[in-house]
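This is work.pdb (PDB, C-alpha atoms).
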```
ATOM      1  CA  MET A1169      52.678 -11.510 -34.706
ATOM      2  CA  ALA A1170      50.157 -14.080 -33.506
ATOM      3  CA  VAL A1171      46.967 -12.791 -31.868
ATOM      4  CA  TYR A1172      45.232 -14.524 -28.948
ATOM      5  CA  PRO A1173      42.452 -13.466 -26.551
ATOM      6  CA  ASP A1174      43.549 -12.525 -23.056
ATOM      7  CA  LEU A1175      43.498 -15.447 -20.609
ATOM      8  CA  SER A1176      43.173 -18.034 -23.382
ATOM      9  CA  PRO A1177      45.439 -21.117 -23.181
ATOM     10  CA  TYR A1178      49.004 -20.411 -24.275
ATOM     11  CA  VAL A1179      49.974 -22.211 -27.495
ATOM     12  CA  TYR A1180      52.384 -19.893 -29.347
ATOM     13  CA  TRP A1181      55.685 -21.624 -28.572
ATOM     14  CA  ASP A1182      54.008 -25.022 -28.559
ATOM     15  CA  ARG A1183      52.859 -24.570 -32.152
ATOM     16  CA  LEU A1184      56.449 -24.121 -33.356
ATOM     17  CA  ASP A1185      58.245 -27.273 -34.461
ATOM     18  CA  GLN A1186      60.720 -28.001 -31.677
ATOM     19  CA  GLY A1187      61.461 -31.590 -32.714
ATOM     20  CA  ASP A1188      61.192 -34.622 -30.461
ATOM     21  CA  GLU A1189      63.455 -33.429 -27.647
ATOM     22  CA  VAL A1190      62.140 -32.008 -24.387
ATOM     23  CA  ASP A1191      62.096 -28.243 -24.826
ATOM     24  CA  PRO A1192      63.455 -26.338 -21.793
ATOM     25  CA  GLU A1193      61.790 -23.163 -23.091
ATOM     26  CA  ALA A1194      58.300 -24.658 -23.122
ATOM     27  CA  ALA A1195      55.712 -22.838 -21.036
ATOM     28  CA  PRO A1196      54.314 -24.738 -18.025
ATOM     29  CA  PRO A1197      51.002 -26.530 -18.564
ATOM     30  CA  GLY A1198      48.060 -24.233 -17.979
ATOM     31  CA  THR A1199      49.907 -21.040 -18.981
ATOM     32  CA  LEU A1200      47.566 -18.254 -20.102
ATOM     33  CA  ASN A1201      47.993 -15.613 -22.795
ATOM     34  CA  VAL A1202      48.070 -11.900 -22.042
ATOM     35  CA  GLY A1203      48.786  -9.025 -24.403
ATOM     36  CA  TRP A1204      48.894 -10.823 -27.755
ATOM     37  CA  LEU A1205      47.265  -7.918 -29.548
ATOM     38  CA  GLY A1206      46.529  -7.209 -33.184
ATOM     39  CA  ARG A1207      44.632  -4.744 -35.327
ATOM     40  CA  GLU A1208      41.851  -7.223 -35.967
ATOM     41  CA  GLN A1209      41.093  -7.741 -32.266
ATOM     42  CA  PRO A1210      39.603  -5.024 -30.011
ATOM     43  CA  PHE A1211      41.292  -4.736 -26.622
ATOM     44  CA  PRO A1212      40.429  -2.944 -23.362
ATOM     45  CA  GLN A1213      41.912   0.540 -23.043
ATOM     46  CA  GLY A1214      42.155   3.066 -20.250
ATOM     47  CA  PRO A1215      44.499   5.441 -18.410
ATOM     48  CA  VAL A1216      48.201   4.624 -18.569
ATOM     49  CA  ASP A1217      49.654   3.286 -15.311
ATOM     50  CA  PRO A1218      53.337   4.357 -15.100
ATOM     51  CA  GLU A1219      53.998   1.845 -12.309
ATOM     52  CA  LEU A1220      52.770  -1.014 -14.481
ATOM     53  CA  THR A1221      54.809   0.194 -17.459
ATOM     54  CA  HIS A1222      57.939   0.373 -15.293
ATOM     55  CA  ALA A1223      57.305  -3.097 -13.885
ATOM     56  CA  LEU A1224      56.818  -4.606 -17.345
ATOM     57  CA  LEU A1225      60.053  -3.071 -18.626
ATOM     58  CA  ARG A1226      61.893  -4.458 -15.610
ATOM     59  CA  LEU A1227      60.407  -7.904 -16.193
ATOM     60  CA  SER A1228      61.414  -7.736 -19.854
ATOM     61  CA  MET A1229      64.940  -8.115 -18.446
ATOM     62  CA  THR A1230      64.397 -10.269 -15.362
ATOM     63  CA  HIS A1231      61.604 -12.567 -16.620
ATOM     64  CA  HIS A1232      62.709 -12.762 -20.242
ATOM     65  CA  VAL A1233      61.891 -16.094 -21.955
ATOM     66  CA  ARG A1234      61.654 -17.638 -25.412
ATOM     67  CA  GLN A1235      63.985 -15.265 -27.240
ATOM     68  CA  MET A1236      63.479 -15.254 -31.009
ATOM     69  CA  ARG A1237      65.945 -14.313 -33.727
ATOM     70  CA  GLY A1238      63.561 -11.999 -35.544
ATOM     71  CA  MET A1239      61.752  -8.863 -34.414
ATOM     72  CA  HIS A1240      58.088  -7.868 -34.368
ATOM     73  CA  GLY A1241      57.122  -4.238 -34.666
ATOM     74  CA  CYS A1242      54.047  -2.671 -33.122
ATOM     75  CA  PRO A1243      50.908  -3.346 -35.204
ATOM     76  CA  PHE A1244      49.332  -0.065 -34.063
ATOM     77  CA  CYS A1245      52.131   2.444 -34.672
ATOM     78  CA  PRO A1246      52.226   4.267 -38.037
ATOM     79  CA  VAL A1247      55.798   3.102 -38.577
ATOM     80  CA  HIS A1248      55.887  -0.674 -38.164
ATOM     81  CA  ASP A1249      59.447  -0.782 -36.874
ATOM     82  CA  HIS A1250      61.489  -1.988 -33.910
ATOM     83  CA  VAL A1251      60.263  -0.629 -30.583
ATOM     84  CA  ARG A1252      62.985   0.697 -28.269
ATOM     85  CA  VAL A1253      61.827   2.231 -24.989
ATOM     86  CA  PRO A1254      64.074   4.361 -22.721
ATOM     87  CA  PHE A1255      64.640   2.624 -19.379
ATOM     88  CA  ALA A1256      67.284   3.701 -16.879
ATOM     89  CA  GLU A1257      67.577   0.259 -15.260
ATOM     90  CA  SER A1258      68.723  -1.339 -18.504
ATOM     91  CA  PRO A1259      72.472  -1.735 -19.139
ATOM     92  CA  LYS A1260      71.865   0.041 -22.448
ATOM     93  CA  ASP A1261      69.514   2.647 -20.918
ATOM     94  CA  SER A1262      66.671   1.289 -23.038
ATOM     95  CA  CYS A1263      64.749  -1.907 -23.752
ATOM     96  CA  LEU A1264      64.391  -3.286 -27.270
ATOM     97  CA  LEU A1265      61.014  -4.992 -27.445
ATOM     98  CA  GLY A1266      59.490  -7.396 -29.931
ATOM     99  CA  SER A1267      61.629 -10.534 -29.921
ATOM    100  CA  ALA A1268      60.842 -12.334 -26.662
ATOM    101  CA  GLU A1269      58.196 -12.986 -24.045
ATOM    102  CA  ILE A1270      57.649 -12.142 -20.394
ATOM    103  CA  GLN A1271      56.583 -15.046 -18.198
ATOM    104  CA  VAL A1272      55.272 -14.387 -14.707
ATOM    105  CA  GLU A1273      53.385 -16.351 -12.063
ATOM    106  CA  GLY A1274      50.642 -15.216  -9.733
ATOM    107  CA  ASP A1275      48.152 -17.048  -7.516
ATOM    108  CA  GLY A1276      49.196 -20.389  -8.975
ATOM    109  CA  THR A1277      48.780 -19.317 -12.605
ATOM    110  CA  THR A1278      51.514 -18.679 -15.169
ATOM    111  CA  TYR A1279      51.028 -15.875 -17.690
ATOM    112  CA  ALA A1280      52.943 -15.404 -20.946
ATOM    113  CA  ALA A1281      52.986 -12.091 -22.786
ATOM    114  CA  PRO A1282      55.034 -10.727 -25.682
ATOM    115  CA  ASN A1283      57.420  -8.175 -24.224
ATOM    116  CA  LEU A1284      55.755  -5.614 -26.492
ATOM    117  CA  VAL A1285      53.057  -5.578 -23.810
ATOM    118  CA  ALA A1286      55.061  -2.836 -22.061
ATOM    119  CA  HIS A1287      54.733  -0.665 -25.172
ATOM    120  CA  TYR A1288      51.058  -1.513 -25.594
ATOM    121  CA  VAL A1289      50.373  -0.363 -22.030
ATOM    122  CA  ALA A1290      52.510   2.783 -22.222
ATOM    123  CA  ASP A1291      51.630   4.028 -25.705
ATOM    124  CA  HIS A1292      48.296   2.477 -26.625
ATOM    125  CA  GLY A1293      46.483   2.439 -23.290
ATOM    126  CA  TYR A1294      46.116  -1.342 -23.184
ATOM    127  CA  GLN A1295      44.582  -2.569 -19.933
ATOM    128  CA  PRO A1296      45.742  -6.126 -19.135
ATOM    129  CA  PRO A1297      43.643  -8.410 -16.917
ATOM    130  CA  ALA A1298      43.751  -7.468 -13.243
ATOM    131  CA  GLU A1299      45.213 -10.807 -12.165
ATOM    132  CA  PHE A1300      48.112 -10.366 -14.589
ATOM    133  CA  VAL A1301      48.721  -6.836 -13.325
ATOM    134  CA  ARG A1302      48.905  -8.092  -9.733
ATOM    135  CA  ALA A1303      51.379 -10.801 -10.736
ATOM    136  CA  VAL A1304      53.559  -8.327 -12.656
ATOM    137  CA  LEU A1305      53.705  -5.770  -9.845
ATOM    138  CA  ALA A1306      54.540  -8.451  -7.272
ATOM    139  CA  ALA A1307      57.277  -9.978  -9.447
ATOM    140  CA  SER A1308      58.780  -6.567 -10.177
ATOM    141  CA  ALA A1309      58.873  -5.634  -6.494
ATOM    142  CA  LYS A1310      60.553  -8.928  -5.661
ATOM    143  CA  ALA A1311      63.122  -8.584  -8.461
ATOM    144  CA  GLY A1312      64.216  -5.096  -7.436
ATOM    145  CA  PRO A1313      65.826  -2.436  -9.613
ATOM    146  CA  TRP A1314      69.262  -4.010  -9.957
ATOM    147  CA  ALA A1315      68.291  -7.664 -10.368
ATOM    148  CA  ALA A1316      69.108  -7.671 -14.077
ATOM    149  CA  LEU A1317      72.251  -5.587 -13.768
ATOM    150  CA  VAL A1318      74.511  -7.363 -11.303
ATOM    151  CA  PRO A1319      76.264 -10.701 -11.761
ATOM    152  CA  ALA A1320      75.408 -13.732  -9.665
ATOM    153  CA  ALA A1321      77.300 -14.052  -6.376
ATOM    154  CA  HIS A1322      79.445 -17.055  -5.410
ATOM    155  CA  PRO A1323      81.798 -17.425  -2.418
ATOM    156  CA  ASP A1324      85.468 -17.407  -3.372
ATOM    157  CA  LEU A1325      86.830 -20.895  -4.106
ATOM    158  CA  SER A1326      83.382 -22.469  -4.064
ATOM    159  CA  THR A1327      82.781 -24.848  -6.945
ATOM    160  CA  GLY A1328      80.001 -25.279  -9.447
ATOM    161  CA  HIS A1329      79.209 -25.633 -13.128
ATOM    162  CA  ASP A1330      79.288 -23.194 -15.993
ATOM    163  CA  TYR A1331      76.136 -21.935 -17.683
ATOM    164  CA  ASP A1332      75.782 -25.051 -19.827
ATOM    165  CA  ASP A1333      76.606 -27.456 -16.963
ATOM    166  CA  GLU A1334      79.463 -28.793 -19.089
ATOM    167  CA  LEU A1335      82.480 -27.614 -17.079
ATOM    168  CA  ASP A1336      83.363 -27.861 -13.391
ATOM    169  CA  LEU A1337      84.615 -24.512 -12.098
ATOM    170  CA  THR A1338      86.086 -22.769  -9.075
ATOM    171  CA  TRP A1339      84.476 -19.353  -8.570
ATOM    172  CA  VAL A1340      86.569 -16.279  -7.768
ATOM    173  CA  GLY A1341      85.517 -12.641  -7.574
ATOM    174  CA  TRP A1342      81.739 -13.006  -7.724
ATOM    175  CA  LEU A1343      81.109 -10.370  -5.072
ATOM    176  CA  SER A1344      77.886  -9.317  -3.414
ATOM    177  CA  PRO A1345      77.049  -6.169  -1.448
ATOM    178  CA  ASP A1346      75.437  -8.458   1.135
ATOM    179  CA  SER A1347      78.641 -10.352   1.976
ATOM    180  CA  ASP A1348      82.060  -9.291   3.236
ATOM    181  CA  PHE A1349      85.033  -9.861   0.961
ATOM    182  CA  PRO A1350      88.793  -9.700   1.615
ATOM    183  CA  THR A1351      90.503  -6.396   0.890
ATOM    184  CA  GLY A1352      94.084  -5.245   0.819
ATOM    185  CA  PRO A1353      97.081  -4.734  -1.462
ATOM    186  CA  VAL A1354      97.632  -7.087  -4.390
ATOM    187  CA  ASP A1355     100.624  -7.933  -6.547
ATOM    188  CA  ALA A1356     101.461  -4.974  -8.762
ATOM    189  CA  ASP A1357     101.342  -7.150 -11.895
ATOM    190  CA  LEU A1358      97.933  -8.708 -11.202
ATOM    191  CA  VAL A1359      95.696  -6.088 -12.813
ATOM    192  CA  ALA A1360      97.982  -5.667 -15.817
ATOM    193  CA  THR A1361      98.010  -9.424 -16.382
ATOM    194  CA  LEU A1362      94.235  -9.670 -16.049
ATOM    195  CA  GLN A1363      93.895  -6.908 -18.636
ATOM    196  CA  LEU A1364      96.043  -8.899 -21.059
ATOM    197  CA  LEU A1365      94.141 -12.123 -20.363
ATOM    198  CA  ARG A1366      90.937 -10.460 -21.511
ATOM    199  CA  GLU A1367      92.314 -10.885 -25.026
ATOM    200  CA  THR A1368      93.002 -14.607 -24.664
ATOM    201  CA  HIS A1369      90.941 -16.049 -21.803
ATOM    202  CA  GLU A1370      87.525 -14.401 -22.078
ATOM    203  CA  THR A1371      84.548 -16.747 -22.127
ATOM    204  CA  CYS A1372      80.760 -16.473 -21.917
ATOM    205  CA  ARG A1373      80.612 -13.088 -23.643
ATOM    206  CA  THR A1374      77.139 -11.554 -23.561
ATOM    207  CA  ASN A1375      75.373  -8.857 -25.535
ATOM    208  CA  GLY A1376      74.465  -6.947 -22.390
ATOM    209  CA  SER A1377      76.555  -5.798 -19.481
ATOM    210  CA  PHE A1378      76.513  -5.605 -15.703
ATOM    211  CA  ALA A1379      76.873  -2.692 -13.347
ATOM    212  CA  CYS A1380      79.053  -3.134 -10.276
ATOM    213  CA  PRO A1381      76.989  -4.747  -7.475
ATOM    214  CA  ILE A1382      78.984  -2.799  -4.878
ATOM    215  CA  CYS A1383      78.765   0.745  -6.225
ATOM    216  CA  HIS A1384      76.376   0.313  -9.200
ATOM    217  CA  HIS A1385      78.961   2.134 -11.296
ATOM    218  CA  ARG A1386      79.520   1.373 -14.969
ATOM    219  CA  THR A1387      83.241   1.774 -15.514
ATOM    220  CA  GLU A1388      84.239   4.197 -18.246
ATOM    221  CA  ARG A1389      87.259   2.102 -19.210
ATOM    222  CA  ASP A1390      84.984  -0.379 -20.940
ATOM    223  CA  GLY A1391      82.552   2.159 -22.347
ATOM    224  CA  PRO A1392      79.345   3.554 -20.894
ATOM    225  CA  HIS A1393      77.834   0.171 -20.106
ATOM    226  CA  GLY A1394      80.384  -1.222 -17.699
ATOM    227  CA  SER A1395      82.863  -4.053 -17.614
ATOM    228  CA  GLY A1396      80.602  -7.011 -16.914
ATOM    229  CA  MET A1397      80.275  -8.266 -20.473
ATOM    230  CA  ALA A1398      82.211 -11.529 -20.167
ATOM    231  CA  ASP A1399      83.968 -13.929 -17.800
ATOM    232  CA  LEU A1400      87.601 -14.951 -17.498
ATOM    233  CA  THR A1401      88.472 -18.641 -17.319
ATOM    234  CA  ILE A1402      91.920 -19.205 -15.822
ATOM    235  CA  PRO A1403      93.631 -22.634 -15.792
ATOM    236  CA  ASN A1404      94.124 -23.989 -12.289
ATOM    237  CA  PRO A1405      97.141 -26.314 -12.016
ATOM    238  CA  ASN A1406      95.756 -27.787  -8.792
ATOM    239  CA  GLY A1407      92.115 -28.354  -9.661
ATOM    240  CA  THR A1408      89.151 -27.141 -11.655
ATOM    241  CA  PRO A1409      89.586 -23.936 -13.702
ATOM    242  CA  PHE A1410      88.964 -20.602 -12.040
ATOM    243  CA  ARG A1411      86.020 -18.600 -13.379
ATOM    244  CA  ALA A1412      85.954 -14.874 -12.585
ATOM    245  CA  PRO A1413      83.775 -12.059 -13.909
ATOM    246  CA  ARG A1414      85.672  -9.612 -16.074
ATOM    247  CA  MET A1415      84.532  -7.042 -13.530
ATOM    248  CA  ILE A1416      87.096  -8.493 -11.119
ATOM    249  CA  ILE A1417      89.485  -5.822 -12.416
ATOM    250  CA  HIS A1418      87.087  -3.112 -11.259
ATOM    251  CA  PHE A1419      86.647  -4.855  -7.899
ATOM    252  CA  ILE A1420      90.416  -4.848  -7.344
ATOM    253  CA  GLU A1421      90.980  -1.262  -8.455
ATOM    254  CA  ALA A1422      87.887   0.425  -7.020
ATOM    255  CA  HIS A1423      87.056  -1.713  -3.973
ATOM    256  CA  ARG A1424      90.494  -3.071  -2.980
ATOM    257  CA  TYR A1425      89.262  -6.648  -3.394
ATOM    258  CA  ARG A1426      92.037  -9.167  -2.731
ATOM    259  CA  PRO A1427      91.501 -12.433  -4.639
ATOM    260  CA  PRO A1428      92.632 -15.769  -3.164
ATOM    261  CA  ALA A1429      96.372 -16.408  -3.359
ATOM    262  CA  GLU A1430      95.962 -19.513  -5.517
ATOM    263  CA  PHE A1431      94.006 -17.524  -8.101
ATOM    264  CA  VAL A1432      96.631 -14.774  -8.111
ATOM    265  CA  ALA A1433      99.376 -17.355  -8.619
ATOM    266  CA  ALA A1434      97.483 -18.964 -11.509
ATOM    267  CA  VAL A1435      96.990 -15.590 -13.201
ATOM    268  CA  LEU A1436     100.612 -14.495 -12.789
ATOM    269  CA  ALA A1437     101.797 -17.840 -14.156
ATOM    270  CA  LEU A1438     100.233 -16.799 -17.473
ATOM    271  CA  LYS A1439     102.260 -13.587 -17.822
TER     272      LYS A1439
END
```
Represent the structure contained in this file as structure tokens.
Amino acid sequence: MAVYPDLSPYVYWDRLDQGDEVDPEAAPPGTLNVGWLGREQPFPQGPVDPELTHALLRLSMTHHVRQMRGMHGCPFCPVHDHVRVPFAESPKDSCLLGSAEIQVEGDGTTYAAPNLVAHYVADHGYQPPAEFVRAVLAASAKAGPWAALVPAAHPDLSTGHDYDDELDLTWVGWLSPDSDFPTGPVDADLVATLQLLRETHETCRTNGSFACPICHHRTERDGPHGSGMADLTIPNPNGTPFRAPRMIIHFIEAHRYRPPAEFVAAVLALK
């Protein structure tokens, strides 16, 4: 992996050939390096700060940027292999480090670090610059423990775009613990039909998963990591397609969520 002095100008992603198009992953001008360590470069060491380690692992999920296809191992460990660190806030109960960066802002400055920085701090006593530490702790506190584990919230029947801004959508079932949602009995065939539609109408599948934002439970039906691994896109005969999280089934069964009637009708029409 590339090695740069702490607080030197960030150039790692910029040095890669991204072609002539504007790169949405590019770091902001003035971004500074932190934690780009190597055997050939001495680095400051000291006592391990568990709070900083925890914050960096959280930010490896919430402030994750510039994902690479390959993996870098730790240059200091005897076995130069993938680094996986146990972390209860992760959907997989651990964080796999070495293929992306953490980007965080503080006092008007943007810092970019390989996500291995969490391992360097925890296992090799690396002491990052104080200004970076302040930025990391502030960003972690703002993100909160469940920021990476719950899906985004949208009011029922509000409209928007999908993740690539290519499709107009009508949102259904994107619940939040901070907002009331309708509850009550639903058609007996609704859940069964939604289960079947997971085979034919799933979209936006992800490698990770979400915990329920209401109860923070990871439903056993879909394995130990919950049901939030994909969305359902349902044709809407009267407008833009409905987009619901796959977790809508859990919301209905566990929290008595009652989806809008027009969504229910569209789902049952696909039986």
May I have the centre and edge lengths, in Å to one decimal, of an axis-aligned box around the listed atoms of segment 1211-1221 of chain A with 6 Å added to every side, as lines of an AutoDock Vina configuration file?
```
center_x = 47.6
center_y = 0.4
center_z = -19.5
size_x = 26.4
size_y = 22.2
size_z = 26.3
```
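The residues returned by the PyMOL selection byres ((chain A and resi 1231-1234) around 8) on the shown structure are Trp1181, Glu1193, Leu1227, Ser1228, Met1229, Thr1230, Gln1235, Met1236, Ala1268, Glu1269, Ile1270, Gln1271 and Val1272 of chain A.
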Nearest residue to Leu1358 of chain A out of A:Cys1380, A:Leu1436, A:Leu1284, A:Leu1335, using all atoms listed in the file?
A:Leu1436
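Across A:Leu1305, A:Ala1321, A:Leu1175, A:Val1435, the tightest approach to Glu1219 of chain A is made by A:Leu1305 when counting all atoms listed in the file.
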Please provide as a ChimeraX atom specification all residues within 12 Å of Pro1210 of chain A, with the sequence filter that same-chain residues fewer than 3 positions apart are discarded (counting all atoms listed in the file).
/A:1171-1174,1203-1207,1213,1244,1292,1294-1295
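Interatomic distance, atom CA of Ala1195 of chain A to atom CA of Phe1300 of chain A: 16.0 Å.
Using only C-alpha atoms, the nearest neighbour of Leu1225 of chain A within the list A:Cys1245, A:Leu1200, A:Ala1194, A:Ala1286 is A:Ala1286.
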Using only C-alpha atoms, collect all residues at a distance of at most 8 Å from (85.5, -26.5, -6.8) as written in the file, then present them as a PDB file with C-alpha atoms, in the frame of the given file.
```
ATOM      1  CA  LEU A1325      86.830 -20.895  -4.106  1.00  0.00           C
ATOM      2  CA  SER A1326      83.382 -22.469  -4.064  1.00  0.00           C
ATOM      3  CA  THR A1327      82.781 -24.848  -6.945  1.00  0.00           C
ATOM      4  CA  GLY A1328      80.001 -25.279  -9.447  1.00  0.00           C
ATOM      5  CA  ASP A1336      83.363 -27.861 -13.391  1.00  0.00           C
ATOM      6  CA  LEU A1337      84.615 -24.512 -12.098  1.00  0.00           C
ATOM      7  CA  THR A1338      86.086 -22.769  -9.075  1.00  0.00           C
ATOM      8  CA  TRP A1339      84.476 -19.353  -8.570  1.00  0.00           C
ATOM      9  CA  GLY A1407      92.115 -28.354  -9.661  1.00  0.00           C
ATOM     10  CA  THR A1408      89.151 -27.141 -11.655  1.00  0.00           C
TER      11      THR A1408
END
```
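Of the residues under consideration (A:Ala1298, A:Pro1243, A:Leu1224, A:Phe1419), A:Phe1419 shows the shortest atom-to-atom contact distance to Val1359 of chain A when counting only C-alpha atoms.
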Residues within 12 Å of Pro1196 of chain A, please, as number ranges by chain. Count only C-alpha atoms; anything in the same chain fewer than 5 positions from it doesn't count.
A: 1177-1179, 1181-1182, 1191, 1271-1273, 1276-1280
Could you list, as number ranges by chain, every residue within 8 Å of Ala1434 of chain A, counting only C-alpha atoms and ignoring same-chain residues fewer than 4 positions away?
A: 1402-1405, 1430, 1438
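By chain and then residue number, the residues within 10 Å of segment 1360-1373 of chain A are Asp1330, Tyr1331, Asp1355, Ala1356, Asp1357, Gly1376, Ser1377, Gly1396, Met1397, Ala1398, Asp1399, Leu1400, Thr1401, Ile1402, Pro1403, Arg1411, Ala1412, Pro1413, Arg1414, Ile1416, Ile1417, Val1432, Val1435, Leu1436, Ala1437, Leu1438 and Lys1439 of chain A, counting all atoms listed in the file and disregarding those fewer than 3 positions away in sequence.
Shortest atom-to-atom contact with Arg1252 of chain A among A:His1240, A:His1222, A:Val1354, A:Leu1265: A:Leu1265, counting only C-alpha atoms.
The space between atom CA of Val1251 of chain A and atom CA of Met1239 of chain A spans 9.2 Å.
Atom pair atom CA of Ala1281 of chain A / atom CA of Arg1237 of chain A: separated by 17.1 Å.
Taking all atoms listed in the file into account, the polymer residues that have an atom no farther than 9 Å from (51.2, -0.1, -14.0) are A:Val1216, A:Asp1217, A:Pro1218, A:Glu1219, A:Leu1220, A:Thr1221, A:His1222, A:Ala1223, A:Leu1224, A:Val1289, A:Ala1290, A:Val1301, A:Val1304, A:Leu1305.
Of the listed residues A:Arg1226, A:Pro1345, A:Pro1246, A:Ala1303, the one whose atoms come nearest to Asp1275 of chain A is A:Ala1303, with distances taken using all atoms listed in the file.
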